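target_17.txt follows (compact mmCIF, C-alpha atoms (C1' of nucleotides)):
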# COMPACT_ATOMS: atom_id res chain seq x y z
CA MET U 130 -18.39 15.75 -32.91
CA SER U 131 -17.90 12.04 -32.43
CA ASP U 132 -20.60 9.69 -31.26
CA LEU U 133 -18.95 9.25 -27.90
CA THR U 134 -18.72 12.97 -27.36
CA ALA U 135 -22.41 13.35 -28.14
CA LEU U 136 -23.24 10.49 -25.80
CA LEU U 137 -21.29 12.03 -22.93
CA ARG U 138 -22.70 15.52 -23.32
CA GLU U 139 -26.18 14.11 -23.57
CA LYS U 140 -25.61 12.73 -20.09
CA GLY U 141 -24.31 16.02 -18.78
CA LEU U 142 -20.65 15.02 -18.74
CA ARG U 143 -17.80 16.75 -20.49
CA SER U 144 -16.22 14.87 -23.30
CA THR U 145 -12.60 14.14 -22.41
CA PRO U 146 -10.09 11.88 -24.14
CA HIS U 147 -9.93 9.63 -21.10
CA ARG U 148 -13.67 9.15 -20.84
CA ARG U 149 -13.90 8.37 -24.51
CA ALA U 150 -10.99 5.96 -24.19
CA VAL U 151 -12.62 4.14 -21.27
CA LEU U 152 -15.90 3.78 -23.17
CA HIS U 153 -13.99 2.54 -26.19
CA ALA U 154 -12.02 0.05 -24.11
CA LEU U 155 -15.18 -1.32 -22.48
CA ALA U 156 -16.91 -1.65 -25.84
CA GLU U 157 -14.13 -3.96 -26.97
CA HIS U 158 -13.54 -5.77 -23.69
CA PRO U 159 -16.56 -6.33 -21.48
CA HIS U 160 -16.24 -7.63 -17.92
CA VAL U 161 -12.80 -6.27 -17.14
CA THR U 162 -11.23 -5.06 -13.92
CA ALA U 163 -10.20 -1.47 -13.36
CA ALA U 164 -6.58 -2.53 -13.86
CA GLU U 165 -7.43 -4.05 -17.22
CA VAL U 166 -9.27 -0.92 -18.29
CA ALA U 167 -6.17 1.06 -17.35
CA ALA U 168 -3.99 -1.23 -19.42
CA GLU U 169 -6.27 -0.89 -22.41
CA VAL U 170 -6.41 2.88 -22.08
CA GLY U 171 -2.63 2.79 -21.89
CA ARG U 172 -2.46 0.84 -25.14
CA LEU U 173 -4.69 3.41 -26.80
CA ALA U 174 -2.13 5.96 -25.63
CA SER U 175 0.29 4.59 -28.23
CA GLY U 176 -2.21 4.55 -31.07
CA PRO U 177 -3.48 7.36 -33.24
CA GLY U 178 -6.01 8.39 -30.62
CA ALA U 179 -3.24 10.03 -28.60
CA VAL U 180 -4.54 9.51 -25.10
CA SER U 181 -2.16 10.05 -22.25
CA GLU U 182 -2.21 7.50 -19.46
CA LEU U 183 -4.82 7.85 -16.80
CA SER U 184 -3.98 7.89 -13.11
CA ARG U 185 -5.52 5.33 -10.84
CA GLN U 186 -7.68 7.90 -9.12
CA GLY U 187 -8.65 9.37 -12.46
CA LEU U 188 -9.72 5.96 -13.69
CA TYR U 189 -11.92 5.35 -10.67
CA ASN U 190 -13.43 8.81 -11.07
CA VAL U 191 -14.21 8.18 -14.73
CA LEU U 192 -15.74 4.80 -13.99
CA GLU U 193 -17.82 6.25 -11.19
CA ASP U 194 -19.00 9.17 -13.31
CA LEU U 195 -19.92 6.92 -16.21
CA GLY U 196 -21.68 4.60 -13.80
CA ARG U 197 -23.67 7.41 -12.23
CA VAL U 198 -25.12 8.49 -15.56
CA GLY U 199 -25.91 4.93 -16.56
CA LEU U 200 -23.31 4.33 -19.25
CA VAL U 201 -21.34 1.79 -17.27
CA ARG U 202 -22.36 -1.01 -14.95
CA SER U 203 -20.21 -2.90 -12.49
CA ILE U 204 -20.43 -6.32 -10.94
CA GLU U 205 -18.44 -7.71 -8.04
CA PRO U 206 -18.30 -11.48 -8.31
CA ALA U 207 -17.10 -13.31 -5.24
CA GLY U 208 -13.37 -13.83 -5.36
CA SER U 209 -12.55 -11.23 -7.97
CA ALA U 210 -12.16 -7.50 -8.21
CA THR U 211 -14.96 -5.30 -9.47
CA LEU U 212 -15.67 -5.87 -13.16
CA PHE U 213 -16.97 -3.16 -15.47
CA GLU U 214 -19.08 -3.35 -18.60
CA LEU U 215 -21.07 -0.98 -20.77
CA GLN U 216 -24.66 -0.53 -19.72
CA LEU U 217 -26.59 -1.03 -22.92
CA GLY U 218 -30.09 -0.54 -21.62
CA ASP U 219 -30.91 -4.21 -21.41
CA ASN U 220 -31.35 -6.05 -18.16
CA HIS U 221 -29.09 -9.04 -18.11
CA HIS U 222 -27.46 -11.33 -15.60
CA HIS U 223 -24.18 -13.23 -15.58
CA ALA U 224 -22.82 -16.74 -15.66
CA ILE U 225 -19.32 -17.26 -14.29
CA CYS U 226 -17.07 -20.24 -14.91
CA ARG U 227 -15.53 -21.56 -11.70
CA SER U 228 -12.67 -23.01 -13.67
CA CYS U 229 -11.44 -20.20 -15.94
CA GLY U 230 -13.31 -17.22 -14.55
CA ALA U 231 -14.99 -16.37 -17.85
CA VAL U 232 -18.01 -14.13 -17.47
CA LEU U 233 -20.93 -14.60 -19.86
CA ASP U 234 -23.95 -12.39 -20.29
CA VAL U 235 -27.29 -14.05 -19.73
CA PRO U 236 -30.22 -12.09 -21.09
CA CYS U 237 -33.01 -11.59 -18.61
CA SER U 238 -36.26 -12.91 -19.96
CA VAL U 239 -38.33 -10.51 -17.92
CA GLY U 240 -36.61 -7.32 -18.94
CA SER U 241 -37.18 -4.77 -16.23
CA ALA U 242 -35.86 -4.81 -12.68
CA PRO U 243 -36.61 -6.36 -10.29
CA CYS U 244 -37.14 -9.24 -12.67
CA LEU U 245 -37.60 -11.88 -10.02
CA ASP U 246 -40.38 -12.02 -7.49
CA MET U 247 -39.22 -12.24 -3.95
CA PRO U 248 -40.88 -14.60 -1.48
CA SER U 249 -41.07 -13.13 2.07
CA PRO U 250 -39.57 -11.31 4.13
CA ALA U 251 -42.48 -8.93 4.41
CA GLY U 252 -41.64 -5.25 4.37
CA PHE U 253 -38.55 -5.44 2.20
CA VAL U 254 -39.01 -3.51 -1.04
CA PRO U 255 -36.67 -4.86 -3.73
CA ASP U 256 -35.69 -2.68 -6.67
CA GLU U 257 -33.30 -5.13 -8.33
CA ALA U 258 -32.74 -8.85 -8.43
CA GLU U 259 -29.14 -9.76 -9.15
CA VAL U 260 -28.53 -13.27 -10.40
CA VAL U 261 -25.23 -15.05 -10.93
CA TRP U 262 -25.01 -18.59 -12.20
CA TRP U 263 -21.85 -20.39 -11.14
CA GLY U 264 -20.71 -23.42 -13.07
CA THR U 265 -18.51 -24.61 -15.91
CA CYS U 266 -18.28 -22.95 -19.29
CA ALA U 267 -18.41 -24.90 -22.54
CA GLU U 268 -14.64 -24.75 -23.14
CA CYS U 269 -13.73 -25.94 -19.65
CA ALA U 270 -16.38 -28.66 -19.73
CA ALA U 271 -14.91 -29.92 -23.02
CA GLY U 272 -11.33 -29.71 -21.82
CA SER U 273 -11.72 -31.56 -18.54
CA MET V 33 -18.48 -33.92 24.65
CA SER V 34 -20.36 -30.82 23.59
CA ASP V 35 -22.62 -30.67 20.57
CA LEU V 36 -20.13 -28.51 18.71
CA THR V 37 -17.32 -30.94 19.37
CA ALA V 38 -19.42 -33.78 18.02
CA LEU V 39 -20.35 -31.71 14.98
CA LEU V 40 -16.72 -30.89 14.19
CA ARG V 41 -15.42 -34.42 14.60
CA GLU V 42 -18.26 -35.72 12.49
CA LYS V 43 -16.88 -33.55 9.72
CA GLY V 44 -13.35 -34.78 10.20
CA LEU V 45 -12.09 -31.68 12.00
CA ARG V 46 -10.49 -31.49 15.40
CA SER V 47 -12.51 -29.75 18.03
CA THR V 48 -10.61 -26.68 19.18
CA PRO V 49 -11.74 -23.82 21.38
CA HIS V 50 -11.38 -21.36 18.51
CA ARG V 51 -13.44 -23.38 16.09
CA ARG V 52 -16.16 -23.82 18.66
CA ALA V 53 -16.03 -20.11 19.45
CA VAL V 54 -16.39 -19.18 15.78
CA LEU V 55 -19.37 -21.49 15.36
CA HIS V 56 -20.89 -20.06 18.50
CA ALA V 57 -20.33 -16.49 17.33
CA LEU V 58 -21.90 -17.18 13.92
CA ALA V 59 -24.89 -18.84 15.54
CA GLU V 60 -25.61 -15.63 17.42
CA HIS V 61 -24.63 -13.18 14.70
CA PRO V 62 -25.29 -14.25 11.13
CA HIS V 63 -23.93 -12.27 8.16
CA VAL V 64 -20.87 -10.82 9.82
CA THR V 65 -17.46 -9.90 8.46
CA ALA V 66 -14.28 -11.70 9.50
CA ALA V 67 -13.41 -8.69 11.65
CA GLU V 68 -16.73 -8.94 13.46
CA VAL V 69 -16.24 -12.64 14.05
CA ALA V 70 -12.84 -11.84 15.52
CA ALA V 71 -14.38 -9.23 17.82
CA GLU V 72 -17.02 -11.67 18.98
CA VAL V 73 -14.48 -14.42 19.59
CA GLY V 74 -12.48 -11.84 21.53
CA ARG V 75 -15.50 -11.09 23.69
CA LEU V 76 -15.93 -14.77 24.41
CA ALA V 77 -12.34 -14.68 25.58
CA SER V 78 -13.45 -12.74 28.63
CA GLY V 79 -16.39 -14.98 29.44
CA PRO V 80 -16.48 -18.35 31.14
CA GLY V 81 -15.60 -20.13 27.90
CA ALA V 82 -11.99 -19.07 28.31
CA VAL V 83 -10.97 -18.71 24.68
CA SER V 84 -7.77 -16.91 23.90
CA GLU V 85 -7.85 -14.44 21.06
CA LEU V 86 -7.45 -15.76 17.57
CA SER V 87 -4.90 -14.39 15.13
CA ARG V 88 -6.07 -13.00 11.85
CA GLN V 89 -4.55 -15.87 9.90
CA GLY V 90 -5.99 -18.33 12.36
CA LEU V 91 -9.42 -16.85 11.90
CA TYR V 92 -9.24 -17.14 8.13
CA ASN V 93 -8.00 -20.70 8.46
CA VAL V 94 -10.89 -21.61 10.75
CA LEU V 95 -13.43 -19.98 8.45
CA GLU V 96 -11.98 -21.73 5.44
CA ASP V 97 -11.89 -25.11 7.17
CA LEU V 98 -15.45 -24.76 8.38
CA GLY V 99 -16.48 -23.66 4.91
CA ARG V 100 -14.80 -26.63 3.26
CA VAL V 101 -16.74 -29.13 5.35
CA GLY V 102 -20.00 -27.30 4.80
CA LEU V 103 -20.60 -25.81 8.24
CA VAL V 104 -20.08 -22.22 7.14
CA ARG V 105 -21.08 -20.32 4.05
CA SER V 106 -19.81 -16.98 2.84
CA ILE V 107 -21.28 -14.31 0.64
CA GLU V 108 -19.52 -11.32 -0.89
CA PRO V 109 -22.06 -8.60 -1.53
CA ALA V 110 -20.92 -5.75 -3.74
CA GLY V 111 -19.45 -2.98 -1.66
CA SER V 112 -18.79 -4.93 1.49
CA ALA V 113 -16.29 -7.40 2.82
CA THR V 114 -16.99 -11.12 2.80
CA LEU V 115 -19.81 -12.05 5.18
CA PHE V 116 -20.03 -15.38 6.95
CA GLU V 117 -23.01 -17.36 8.19
CA LEU V 118 -23.72 -20.87 9.38
CA GLN V 119 -24.67 -23.30 6.65
CA LEU V 120 -27.79 -24.96 7.95
CA GLY V 121 -28.52 -27.28 5.10
CA ASP V 122 -31.17 -25.15 3.53
CA ASN V 123 -30.74 -23.34 0.25
CA HIS V 124 -31.50 -19.70 0.74
CA HIS V 125 -30.74 -16.38 -0.90
CA HIS V 126 -30.28 -12.88 0.47
CA ALA V 127 -31.93 -9.49 0.43
CA ILE V 128 -29.71 -6.51 1.19
CA CYS V 129 -30.85 -3.05 2.20
CA ARG V 130 -29.12 -0.33 0.19
CA SER V 131 -29.71 2.10 3.00
CA CYS V 132 -28.54 0.36 6.17
CA GLY V 133 -26.77 -2.69 4.77
CA ALA V 134 -28.93 -5.17 6.65
CA VAL V 135 -28.81 -8.67 5.20
CA LEU V 136 -31.95 -10.80 5.34
CA ASP V 137 -32.30 -14.47 4.53
CA VAL V 138 -34.75 -15.32 1.78
CA PRO V 139 -35.74 -18.98 1.70
CA CYS V 140 -35.44 -20.56 -1.70
CA SER V 141 -38.69 -22.09 -2.77
CA VAL V 142 -37.03 -24.66 -4.97
CA GLY V 143 -34.65 -26.06 -2.42
CA SER V 144 -31.77 -27.62 -4.26
CA ALA V 145 -29.12 -25.86 -6.35
CA PRO V 146 -29.18 -24.65 -9.03
CA CYS V 147 -32.65 -23.51 -8.15
CA LEU V 148 -33.11 -21.27 -11.13
CA ASP V 149 -33.20 -22.36 -14.74
CA MET V 150 -30.76 -20.58 -16.95
CA PRO V 151 -31.75 -19.36 -20.42
CA SER V 152 -28.92 -19.72 -22.97
CA PRO V 153 -25.79 -19.51 -23.32
CA ALA V 154 -25.58 -23.02 -24.60
CA GLY V 155 -22.79 -25.16 -23.21
CA PHE V 156 -22.54 -23.53 -19.81
CA VAL V 157 -23.33 -26.00 -17.04
CA PRO V 158 -24.53 -24.19 -13.92
CA ASP V 159 -24.26 -25.80 -10.51
CA GLU V 160 -25.57 -22.91 -8.46
CA ALA V 161 -27.78 -19.88 -8.95
CA GLU V 162 -26.94 -17.07 -6.58
CA VAL V 163 -29.63 -14.45 -6.10
CA VAL V 164 -29.41 -11.15 -4.26
CA TRP V 165 -32.31 -8.77 -3.98
CA TRP V 166 -31.29 -5.15 -3.50
CA GLY V 167 -33.75 -2.69 -2.08
CA THR V 168 -34.99 -1.09 1.11
CA CYS V 169 -35.71 -2.94 4.32
CA ALA V 170 -38.87 -2.40 6.34
CA GLU V 171 -37.18 -0.20 8.96
CA CYS V 172 -35.53 2.09 6.43
CA ALA V 173 -38.69 2.30 4.34
CA ALA V 174 -40.62 3.37 7.44
CA GLY V 175 -38.00 5.84 8.56
CA SER V 176 -37.58 7.71 5.29
C1' DC T 272 2.36 -40.45 28.86
C1' DC T 273 4.24 -39.67 23.91
C1' DT T 274 3.99 -38.70 19.44
C1' DT T 275 2.74 -36.41 15.24
C1' DA T 276 -0.43 -34.72 12.04
C1' DG T 277 -3.12 -30.99 12.31
C1' DA T 278 -3.90 -26.32 14.14
C1' DT T 279 -2.20 -21.69 15.27
C1' DT T 280 0.92 -17.68 15.47
C1' DT T 281 3.92 -14.34 13.64
C1' DG T 282 5.31 -10.88 10.57
C1' DA T 283 5.84 -9.41 6.03
C1' DC T 284 3.34 -8.61 2.05
C1' DA T 285 -0.09 -7.64 -1.97
C1' DC T 286 -4.09 -5.93 -3.97
C1' DA T 287 -8.06 -2.97 -4.62
C1' DG T 288 -9.82 0.97 -3.58
C1' DT T 289 -10.20 5.77 -1.00
C1' DC T 290 -9.04 10.50 0.72
C1' DA T 291 -7.47 15.19 0.40
C1' DA T 292 -5.33 18.76 -1.78
C1' DA T 293 -2.96 20.71 -5.66
C1' DC T 294 -3.18 21.22 -10.44
C1' DT T 295 -5.05 21.26 -15.47
C1' DA T 296 -8.27 21.42 -19.40
C1' DT T 297 -13.03 21.83 -21.24
C1' DG T 298 -16.15 24.61 -23.30
C1' DA T 299 -19.37 28.65 -22.26
C1' DT T 300 -18.95 33.53 -22.51
C1' DC T 301 -17.21 37.75 -24.10
C1' DG O 23 -10.10 33.76 -30.91
C1' DA O 24 -8.98 34.85 -25.79
C1' DT O 25 -10.68 34.45 -20.91
C1' DC O 26 -12.22 32.17 -17.03
C1' DA O 27 -15.01 29.30 -13.78
C1' DT O 28 -15.93 24.77 -13.17
C1' DA O 29 -15.40 20.11 -14.04
C1' DG O 30 -11.93 16.89 -14.51
C1' DT O 31 -7.27 14.89 -13.34
C1' DT O 32 -2.96 14.00 -10.82
C1' DT O 33 -0.22 13.03 -6.88
C1' DG O 34 1.03 10.68 -2.87
C1' DA O 35 -0.21 8.87 1.40
C1' DC O 36 -3.24 5.74 3.45
C1' DT O 37 -6.76 1.90 4.83
C1' DG O 38 -9.09 -2.42 4.83
C1' DT O 39 -9.19 -7.05 3.61
C1' DG O 40 -7.04 -10.91 2.67
C1' DT O 41 -2.66 -14.06 1.57
C1' DC O 42 2.00 -16.36 1.99
C1' DA O 43 5.63 -18.83 4.31
C1' DA O 44 7.89 -20.50 8.10
C1' DA O 45 8.15 -21.34 12.99
C1' DT O 46 5.61 -23.03 16.99
C1' DC O 47 2.16 -25.30 19.58
C1' DT O 48 -1.64 -28.76 20.77
C1' DA O 49 -5.50 -32.33 20.26
C1' DA O 50 -6.25 -36.75 20.58
C1' DG O 51 -4.85 -41.63 19.03
C1' DG O 52 -1.86 -45.29 20.51

Could you write out this structure as structure tokens?
Amino acid sequence: MSDLTALLREKGLRSTPHRRAVLHALAEHPHVTAAEVAAEVGRLASGPGAVSELSRQGLYNVLEDLGRVGLVRSIEPAGSATLFELQLGDNHHHAICRSCGAVLDVPCSVGSAPCLDMPSPAGFVPDEAEVVWWGTCAECAAGS
Amino acid sequence: MSDLTALLREKGLRSTPHRRAVLHALAEHPHVTAAEVAAEVGRLASGPGAVSELSRQGLYNVLEDLGRVGLVRSIEPAGSATLFELQLGDNHHHAICRSCGAVLDVPCSVGSAPCLDMPSPAGFVPDEAEVVWWGTCAECAAGS
DNA sequence: CCTTAGATTTGACACAGTCAAACTATGATC
DNA sequence: GATCATAGTTTGACTGTGTCAAATCTAAGG
């Protein structure tokens, strides 16, 4: 039984070729759109893994299932489609380049959510603080 | 010349009934979608202000123009359409209720962007730190 | 008043995601 | 190993949100 199969069953999900392919694709390409995951799964279809293509609905179901059990996380940066990445147990934020769209992980120094104290408004109970830094990545800063 | 007219011309934009109506609508209803702005502008059409309805494209143009000159700000919370609000010169963040979707303003204690220091990744130059607190608002916490 | 750059409308279109219902495969049980 | 119920997947239509391009209209300076 492969590692991925064990991981899935541990979370109460059946191990299917498509789920394993999606996890594999996200391990190699973090911060990708659903369409890009589909393309990657499609490429795996040609390889030795022998995965048939996954329908659009099937892809969204897989991503939602994996998200529900905590294996996958999604972010929705302004101006782009939802991006998916593996949830590796750490709490991290993101930095996004306004020029090329690159998404970088930024480790959270605090560790557990909500990592940022919230001033006012009284009565609101935060369970997560989501932080996105917008700016220019090293490559784009050098190239300009 | 009304205040809104003065404000628009100060920013280099012509003062049109639709632009004034959009500013007026956002002043009364912060954090609304484009569709809600359109509905509100439509309501003003019946009142004494005598504004004709605004086409969808026209609305997006107005919102973009107002955004470009700094009168309007938009946020795109995960799971909802773009929300618009007046840009009042302050730097604030948002708290969003997972239960009812309410959006609350959270004043930024630092004031000027980027208000949050960024640990690593070296080379990335941030110009803005966007923070969203997710949780439960006072009403929903009380009602549960 | 006239003019014209700037503002708005119109209608077609694209993308990202959702819904419902039919169909298929996993893996527990015999 | 074969059977079967349930979990997973496909199909196809559909919706919401936003964009493009080209024609038309209007605010406001001269």

Any chance you could tabulate, as JSON lines, the residues of chain T at most 10 Å from chain V with each one's nearest atom pair and distance in Å to one decimal, using all atoms listed in the file, in chain and rising number order?
{"residue": "T:DG277", "atom": "C1'", "partner": "V:Arg46", "partner_atom": "CA", "distance": 8.0}
{"residue": "T:DA278", "atom": "C1'", "partner": "V:Thr48", "partner_atom": "CA", "distance": 8.4}
{"residue": "T:DT279", "atom": "C1'", "partner": "V:Gly90", "partner_atom": "CA", "distance": 5.8}
{"residue": "T:DT280", "atom": "C1'", "partner": "V:Ser87", "partner_atom": "CA", "distance": 6.7}
{"residue": "T:DT281", "atom": "C1'", "partner": "V:Ser87", "partner_atom": "CA", "distance": 8.9}

Using the selection just defined, write its residues with C-alpha atoms (C1' of nucleotides) as a PDB file, in the frame of the given file.
ATOM      1  C1'  DG T 277      -3.120 -30.990  12.310  1.00  0.00           C
ATOM      2  C1'  DA T 278      -3.900 -26.320  14.140  1.00  0.00           C
ATOM      3  C1'  DT T 279      -2.200 -21.690  15.270  1.00  0.00           C
ATOM      4  C1'  DT T 280       0.920 -17.680  15.470  1.00  0.00           C
ATOM      5  C1'  DT T 281       3.920 -14.340  13.640  1.00  0.00           C
TER       6       DT T 281
END

**Asked** Using all atoms listed in the file, which residue out of V:Val64, V:Ala113, V:Ala170, V:Ala71 lies closest to chain O?
**Response**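 Among V:Val64, V:Ala113, V:Ala170, V:Ala71, it is V:Ala113 that comes nearest to chain O.
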
**Asked** Is there a way to get, as a list of chain:residue names, all residues within 10 Å of the point (-14.4, 0.4, -24.2) in file coordinates, counting all atoms listed in the file?
**Response**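 Neighbouring residues, ordered by chain and number, come to U:Arg148, U:Arg149, U:Ala150, U:Val151, U:Leu152, U:His153, U:Ala154, U:Leu155, U:Ala156, U:Glu157, U:His158, U:Pro159, U:Val161, U:Val166, U:Glu169, U:Val170, U:Val201, U:Phe213, U:Glu214, U:Leu215.
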
Selected residues written out with C-alpha atoms, as an mmCIF file, in the coordinates of the input:
data_model
loop_
_atom_site.group_PDB
_atom_site.id
_atom_site.type_symbol
_atom_site.label_atom_id
_atom_site.label_comp_id
_atom_site.auth_asym_id
_atom_site.auth_seq_id
_atom_site.Cartn_x
_atom_site.Cartn_y
_atom_site.Cartn_z
ATOM 1 C CA ARG U 148 -13.670 9.150 -20.840
ATOM 2 C CA ARG U 149 -13.900 8.370 -24.510
ATOM 3 C CA ALA U 150 -10.990 5.960 -24.190
ATOM 4 C CA VAL U 151 -12.620 4.140 -21.270
ATOM 5 C CA LEU U 152 -15.900 3.780 -23.170
ATOM 6 C CA HIS U 153 -13.990 2.540 -26.190
ATOM 7 C CA ALA U 154 -12.020 0.050 -24.110
ATOM 8 C CA LEU U 155 -15.180 -1.320 -22.480
ATOM 9 C CA ALA U 156 -16.910 -1.650 -25.840
ATOM 10 C CA GLU U 157 -14.130 -3.960 -26.970
ATOM 11 C CA HIS U 158 -13.540 -5.770 -23.690
ATOM 12 C CA PRO U 159 -16.560 -6.330 -21.480
ATOM 13 C CA VAL U 161 -12.800 -6.270 -17.140
ATOM 14 C CA VAL U 166 -9.270 -0.920 -18.290
ATOM 15 C CA GLU U 169 -6.270 -0.890 -22.410
ATOM 16 C CA VAL U 170 -6.410 2.880 -22.080
ATOM 17 C CA VAL U 201 -21.340 1.790 -17.270
ATOM 18 C CA PHE U 213 -16.970 -3.160 -15.470
ATOM 19 C CA GLU U 214 -19.080 -3.350 -18.600
ATOM 20 C CA LEU U 215 -21.070 -0.980 -20.770
#

**Prompt:** Using all atoms listed in the file, can you list as a list of chain:residue names the residues within 8 Å of (-3.0, -11.1, 4.8)?
**Reply:**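 Checking each residue against the 8 Å limit leaves V:Arg88, V:Gln89, T:DC284, O:DT39, O:DG40, O:DT41, O:DC42.
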
**Request:** Go through U:Asp194, U:Cys237, U:Val260, U:Gly171 one by one, measure the shortest atom-to-atom distance of each to Ala224 in chain U using all atoms listed in the file, and give the residue with the smallest value.
**Result:** U:Val260

**Request:** Give me, please, the distance in Å between CA of Thr134 in chain U and CA of Leu173 in chain U, quoted to one decimal.
**Result:**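 Between these atoms lies a distance of 17.0 Å.
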
**Prompt:** Counting all atoms listed in the file, which residues of chain V come no farther than 7 Å from chain U, as a list in words?
**Reply:**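 Using all atoms listed in the file, chain V residues at most 7 Å from chain U: Glu108, Ala110, Val138, Pro151, Ser152, Pro153, Gly155, Phe156, Val157, Pro158, Asp159, Glu160, Ala161, Glu162, Val163, Val164, Trp165, Trp166, Gly167, Thr168, Cys169 and Ala170 of chain V.
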
**Request:** With a distance threshold of 10 Å and counting all atoms listed in the file, extract the residues of chain O near chain U and express them as JSON, numbers by chain.
**Result:** {"O": [29, 30, 31, 32, 33]}

**Request:** Can you work out the spacing between CA of Arg41 in chain V and CA of Glu68 in chain V in Å, to one decimal?
**Result:**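 Separation between CA of Arg41 in chain V and CA of Glu68 in chain V: 25.5 Å.
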
**Item:** Atom-to-atom span, CA of Tyr189 in chain U and CA of Ala163 in chain U, Å
**Value:** 7.5 Å

**Prompt:** Got a sec: who's within 10 Å of DT25 in chain O, counting all atoms listed in the file, leaving out chain neighbours fewer than 2 positions off, as number ranges by chain?
**Reply:** T: 300-301; O: 27

**Request:** Tell me which of O:DA43, O:DA50, O:DC36, O:DC26 sits closest to DG288 in chain T, counting all atoms listed in the file.
**Result:**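 Using all atoms listed in the file, DG288 in chain T sits closest to O:DC36.
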